[in-house]
>>> print(open('protein02.txt').read())   # compact mmCIF, C-alpha atoms
# COMPACT_ATOMS: atom_id res chain seq x y z
CA MET A 232 -10.23 27.19 -75.75
CA ARG A 233 -6.60 27.55 -74.69
CA LEU A 234 -7.76 27.64 -71.08
CA LEU A 235 -9.31 24.24 -71.52
CA PHE A 236 -5.95 22.83 -72.59
CA LEU A 237 -4.05 24.59 -69.78
CA LEU A 238 -6.38 23.33 -67.06
CA PRO A 239 -5.02 19.73 -67.05
CA VAL A 240 -1.47 21.06 -66.91
CA ALA A 241 -2.31 23.30 -63.96
CA LEU A 242 -4.17 20.54 -62.13
CA ALA A 243 -1.28 18.13 -62.65
CA GLY A 244 0.70 20.16 -60.13
CA CYS A 245 -1.94 19.74 -57.40
CA ASP A 246 -1.03 17.37 -54.61
CA MET A 247 -3.66 14.69 -54.05
CA GLY A 248 -1.49 12.78 -51.56
CA HIS A 249 -3.66 13.70 -48.61
CA LEU A 250 -6.51 11.62 -50.03
CA GLY A 251 -4.61 8.36 -50.03
CA ASN A 252 -5.07 5.49 -52.42
CA PRO A 253 -8.76 5.40 -53.43
CA VAL A 254 -8.66 1.61 -53.72
CA LEU A 255 -7.79 1.39 -50.01
CA LEU A 256 -10.48 3.81 -48.78
CA PRO A 257 -12.99 1.05 -47.91
CA VAL A 258 -10.30 -0.78 -45.91
CA SER A 259 -9.34 2.46 -44.14
CA ALA A 260 -12.98 3.12 -43.32
CA LEU A 261 -13.38 -0.35 -41.84
CA ILE A 262 -10.22 -0.05 -39.74
CA THR A 263 -11.32 3.37 -38.48
CA ALA A 264 -14.79 2.05 -37.59
CA VAL A 265 -13.33 -0.85 -35.62
CA GLY A 266 -10.89 1.47 -33.83
CA ASN A 267 -13.64 3.95 -32.97
CA ALA A 268 -15.89 1.18 -31.66
CA GLY A 269 -13.13 -0.07 -29.37
CA TYR A 270 -12.40 3.44 -28.10
CA ASP A 271 -16.10 4.17 -27.53
CA ALA A 272 -16.57 0.93 -25.59
CA ARG A 273 -13.52 1.62 -23.40
CA ARG A 274 -14.65 5.19 -22.78
CA GLN A 275 -18.17 4.05 -21.84
CA LYS A 276 -16.81 1.52 -19.33
CA LEU A 277 -14.60 4.22 -17.80
CA SER A 278 -17.48 6.71 -17.74
CA ASP A 279 -19.73 4.19 -15.98
CA HIS A 280 -17.00 3.45 -13.42
CA VAL A 281 -16.35 7.15 -12.77
CA SER A 282 -20.08 7.83 -12.35
CA ALA A 283 -20.50 4.93 -9.94
CA HIS A 284 -17.34 5.57 -7.90
CA HIS A 285 -16.62 9.29 -8.22
CA PRO A 286 -16.21 9.99 -4.47
CA ASP A 287 -13.99 6.92 -4.08
CA ILE A 288 -11.80 7.95 -7.02
CA LEU A 289 -11.40 11.43 -5.56
CA ARG A 290 -10.43 9.93 -2.20
CA ASP A 291 -7.89 7.70 -3.95
CA ILE A 292 -6.42 10.67 -5.85
CA ARG A 293 -5.91 12.53 -2.56
CA ALA A 294 -4.38 9.42 -0.97
CA GLY A 295 -2.18 8.70 -3.99
CA THR A 296 -3.54 5.20 -4.57
CA GLY A 297 -6.58 3.03 -4.10
CA PRO A 298 -8.74 0.42 -5.79
CA ALA A 299 -11.22 2.81 -7.44
CA LEU A 300 -8.43 4.90 -8.97
CA THR A 301 -6.48 1.81 -10.05
CA THR A 302 -9.54 0.42 -11.80
CA ALA A 303 -10.13 3.75 -13.56
CA LEU A 304 -6.52 3.87 -14.72
CA ASP A 305 -6.76 0.28 -15.97
CA LEU A 306 -10.00 1.00 -17.85
CA ALA A 307 -8.42 4.06 -19.50
CA GLY A 308 -5.44 1.96 -20.59
CA ILE A 309 -2.86 4.05 -18.77
CA ALA A 310 0.56 2.41 -18.65
CA PRO A 311 1.88 1.76 -15.13
CA ALA A 312 5.06 3.67 -15.93
CA THR A 313 3.13 6.90 -16.62
CA ARG A 314 0.77 6.69 -13.64
CA PRO A 315 2.90 8.63 -11.11
CA ASP A 316 3.12 11.63 -13.45
CA LEU A 317 -0.60 11.43 -14.17
CA LEU A 318 -1.40 11.22 -10.47
CA ALA A 319 0.61 14.41 -9.90
CA LEU A 320 -1.42 16.08 -12.65
CA LEU A 321 -4.71 14.84 -11.17
CA LYS A 322 -3.73 16.25 -7.78
CA LYS A 323 -2.72 19.57 -9.34
CA ASP A 324 -6.00 19.86 -11.28
CA PHE A 325 -8.13 18.39 -8.51
CA SER A 326 -10.57 21.33 -8.53
CA LEU A 327 -11.69 20.30 -12.05
CA PHE A 328 -12.94 16.94 -10.75
CA GLN A 329 -13.96 17.77 -7.17
CA ALA A 330 -17.63 18.69 -7.58
CA ASP A 331 -20.07 15.81 -7.88
CA THR A 332 -21.53 17.07 -11.16
CA PRO A 333 -21.72 15.56 -14.65
CA LYS A 334 -19.21 18.18 -15.87
CA SER A 335 -16.65 17.22 -13.20
CA ARG A 336 -17.06 13.53 -13.93
CA GLU A 337 -16.69 14.20 -17.66
CA ASN A 338 -13.53 16.24 -16.97
CA LEU A 339 -12.07 13.25 -15.14
CA VAL A 340 -13.03 10.81 -17.92
CA VAL A 341 -11.53 13.06 -20.60
CA THR A 342 -8.31 13.54 -18.63
CA LEU A 343 -7.89 9.81 -18.16
CA MET A 344 -8.76 8.94 -21.78
CA VAL A 345 -6.29 11.51 -23.12
CA HIS A 346 -3.50 9.85 -21.17
CA GLY A 347 -4.59 6.29 -22.01
CA VAL A 348 -3.58 4.08 -24.90
>>> encode(input="protein02.txt", output="structure tokens")
Amino acid sequence: MRLLFLLPVALAGCDMGHLGNPVLLPVSALITAVGNAGYDARRQKLSDHVSAHHPDILRDIRAGTGPALTTALDLAGIAPATRPDLLALLKKDFSLFQADTPKSRENLVVTLMVHGV
């Protein structure tokens, strides 16, 4: 019986802050759904572009610039100020993207999306 009375005291010390305000959970869910939908749409556009222009993007990476690469960077939402550093990384990791396989194209899409907005 004493345990029953001590349980509320013990639970009072538990931190529930990670759950957030339960009244706002539906709003948070809606905002997350909208954000995910936007990300998924942007990623799909980039994935379609990479699949359609993979050899051109690789050529542009080697050259340091080009329309296919610029479009891919725009679709990923990569800020112009960060593009030179990203291009250096793409050149360094070129072997990950070089083969014309679904895995290589996915590697390129993931790399660009990670560095995008």
>>> residues_around(input="protein02.txt", residues="Asp279 in chain A", least_positions_apart="3", cutoff="12 Å", atoms="only C-alpha atoms", output="list in words")
Ala272, Arg273, Arg274, Gln275, Lys276, Ser282, Ala283, His284, His285, Thr302, Ala303, Leu306, Ala307, Pro333, Arg336, Glu337, Leu339 and Val340 of chain A
>>> residues_around(input="protein02.txt", residues="Thr342 in chain A", least_positions_apart="6", cutoff="10 Å", atoms="all atoms listed in the file", output="PDB file with C-alpha atoms, in the frame of the given file")
ATOM      1  CA  ALA A 307      -8.420   4.060 -19.500  1.00  0.00           C
ATOM      2  CA  LEU A 317      -0.600  11.430 -14.170  1.00  0.00           C
ATOM      3  CA  LEU A 320      -1.420  16.080 -12.650  1.00  0.00           C
ATOM      4  CA  LEU A 321      -4.710  14.840 -11.170  1.00  0.00           C
ATOM      5  CA  ASP A 324      -6.000  19.860 -11.280  1.00  0.00           C
ATOM      6  CA  PHE A 328     -12.940  16.940 -10.750  1.00  0.00           C
ATOM      7  CA  ARG A 336     -17.060  13.530 -13.930  1.00  0.00           C
TER       8      ARG A 336
END
>>> closest_residue(input="protein02.txt", among="A:Ile309, A:Leu255, A:Ala294, A:Ala268", to="Leu343 in chain A", atoms="only C-alpha atoms")
A:Ile309
>>> axis_aligned_box(input="protein02.txt", around="range 337-348 of chain A", padding_each_side="3 Å", output="JSON")
{"center_x": -10.1, "center_y": 10.2, "center_z": -20.0, "size_x": 19.2, "size_y": 18.2, "size_z": 15.8}
>>> atom_distance(input="protein02.txt", atom1="CA of Pro315 in chain A", atom2="CA of Gly295 in chain A")
8.7 Å
>>> atom_distance(input="protein02.txt", atom1="CA of Gly308 in chain A", atom2="CA of His346 in chain A")
8.1 Å
>>> atom_distance(input="protein02.txt", atom1="CA of Pro311 in chain A", atom2="CA of Ser335 in chain A")
24.2 Å
>>> residues_around(input="protein02.txt", residues="Ala299 in chain A", least_positions_apart="6", cutoff="10 Å", atoms="all atoms listed in the file", output="MDAnalysis selection string")
chainID A and resid 280:281 283:292 305
>>> write_last_selection(input="protein02.txt", atoms="C-alpha atoms", output="PDB file, in the coordinates of the input")
ATOM      1  CA  HIS A 280     -17.000   3.450 -13.420  1.00  0.00           C
ATOM      2  CA  VAL A 281     -16.350   7.150 -12.770  1.00  0.00           C
ATOM      3  CA  ALA A 283     -20.500   4.930  -9.940  1.00  0.00           C
ATOM      4  CA  HIS A 284     -17.340   5.570  -7.900  1.00  0.00           C
ATOM      5  CA  HIS A 285     -16.620   9.290  -8.220  1.00  0.00           C
ATOM      6  CA  PRO A 286     -16.210   9.990  -4.470  1.00  0.00           C
ATOM      7  CA  ASP A 287     -13.990   6.920  -4.080  1.00  0.00           C
ATOM      8  CA  ILE A 288     -11.800   7.950  -7.020  1.00  0.00           C
ATOM      9  CA  LEU A 289     -11.400  11.430  -5.560  1.00  0.00           C
ATOM     10  CA  ARG A 290     -10.430   9.930  -2.200  1.00  0.00           C
ATOM     11  CA  ASP A 291      -7.890   7.700  -3.950  1.00  0.00           C
ATOM     12  CA  ILE A 292      -6.420  10.670  -5.850  1.00  0.00           C
ATOM     13  CA  ASP A 305      -6.760   0.280 -15.970  1.00  0.00           C
TER      14      ASP A 305
END
>>> closest_residue(input="protein02.txt", among="A:Ser278, A:Asn267, A:Thr296, A:Ser259", to="Lys322 in chain A", atoms="only C-alpha atoms")
A:Thr296
>>> closest_residue(input="protein02.txt", among="A:Leu250, A:Gly266, A:Arg293, A:Pro257", to="Gln329 in chain A", atoms="all atoms listed in the file")
A:Arg293
>>> closest_residue(input="protein02.txt", among="A:Leu304, A:Met344, A:Leu318, A:Leu327", to="Tyr270 in chain A", atoms="only C-alpha atoms")
A:Met344
>>> decode(input="protein02.txt", residues="range 248-260 of chain A", atoms="N, CA and C atoms", output="PDB file, in the first residue's frame")
ATOM      1  N   GLY A 248       9.700  16.342 -20.661  1.00  0.00           N
ATOM      2  CA  GLY A 248       9.932  17.452 -21.578  1.00  0.00           C
ATOM      3  C   GLY A 248      10.190  17.029 -23.014  1.00  0.00           C
ATOM      4  N   HIS A 249      10.669  15.844 -23.215  1.00  0.00           N
ATOM      5  CA  HIS A 249      10.961  15.398 -24.577  1.00  0.00           C
ATOM      6  C   HIS A 249       9.688  15.141 -25.384  1.00  0.00           C
ATOM      7  N   LEU A 250       8.562  15.019 -24.723  1.00  0.00           N
ATOM      8  CA  LEU A 250       7.311  14.760 -25.425  1.00  0.00           C
ATOM      9  C   LEU A 250       6.677  16.028 -25.973  1.00  0.00           C
ATOM     10  N   GLY A 251       6.999  17.154 -25.398  1.00  0.00           N
ATOM     11  CA  GLY A 251       6.397  18.397 -25.845  1.00  0.00           C
ATOM     12  C   GLY A 251       5.007  18.576 -25.275  1.00  0.00           C
ATOM     13  N   ASN A 252       4.387  19.655 -25.646  1.00  0.00           N
ATOM     14  CA  ASN A 252       3.043  19.967 -25.175  1.00  0.00           C
ATOM     15  C   ASN A 252       2.040  19.091 -25.938  1.00  0.00           C
ATOM     16  N   PRO A 253       1.286  18.252 -25.252  1.00  0.00           N
ATOM     17  CA  PRO A 253       0.361  17.356 -25.952  1.00  0.00           C
ATOM     18  C   PRO A 253      -0.704  18.081 -26.756  1.00  0.00           C
ATOM     19  N   VAL A 254      -1.042  19.299 -26.367  1.00  0.00           N
ATOM     20  CA  VAL A 254      -2.036  20.066 -27.112  1.00  0.00           C
ATOM     21  C   VAL A 254      -1.508  20.435 -28.498  1.00  0.00           C
ATOM     22  N   LEU A 255      -0.186  20.602 -28.603  1.00  0.00           N
ATOM     23  CA  LEU A 255       0.421  21.017 -29.873  1.00  0.00           C
ATOM     24  C   LEU A 255       0.832  19.851 -30.768  1.00  0.00           C
ATOM     25  N   LEU A 256       0.671  18.620 -30.308  1.00  0.00           N
ATOM     26  CA  LEU A 256       1.094  17.467 -31.111  1.00  0.00           C
ATOM     27  C   LEU A 256       0.410  17.405 -32.486  1.00  0.00           C
ATOM     28  N   PRO A 257      -0.878  17.663 -32.608  1.00  0.00           N
ATOM     29  CA  PRO A 257      -1.481  17.647 -33.950  1.00  0.00           C
ATOM     30  C   PRO A 257      -0.874  18.702 -34.876  1.00  0.00           C
ATOM     31  N   VAL A 258      -0.577  19.877 -34.327  1.00  0.00           N
ATOM     32  CA  VAL A 258       0.049  20.936 -35.128  1.00  0.00           C
ATOM     33  C   VAL A 258       1.448  20.506 -35.552  1.00  0.00           C
ATOM     34  N   SER A 259       2.202  19.925 -34.626  1.00  0.00           N
ATOM     35  CA  SER A 259       3.550  19.441 -34.942  1.00  0.00           C
ATOM     36  C   SER A 259       3.505  18.360 -36.018  1.00  0.00           C
ATOM     37  N   ALA A 260       2.532  17.486 -35.926  1.00  0.00           N
ATOM     38  CA  ALA A 260       2.393  16.423 -36.925  1.00  0.00           C
ATOM     39  C   ALA A 260       2.093  17.006 -38.300  1.00  0.00           C
TER      40      ALA A 260
END
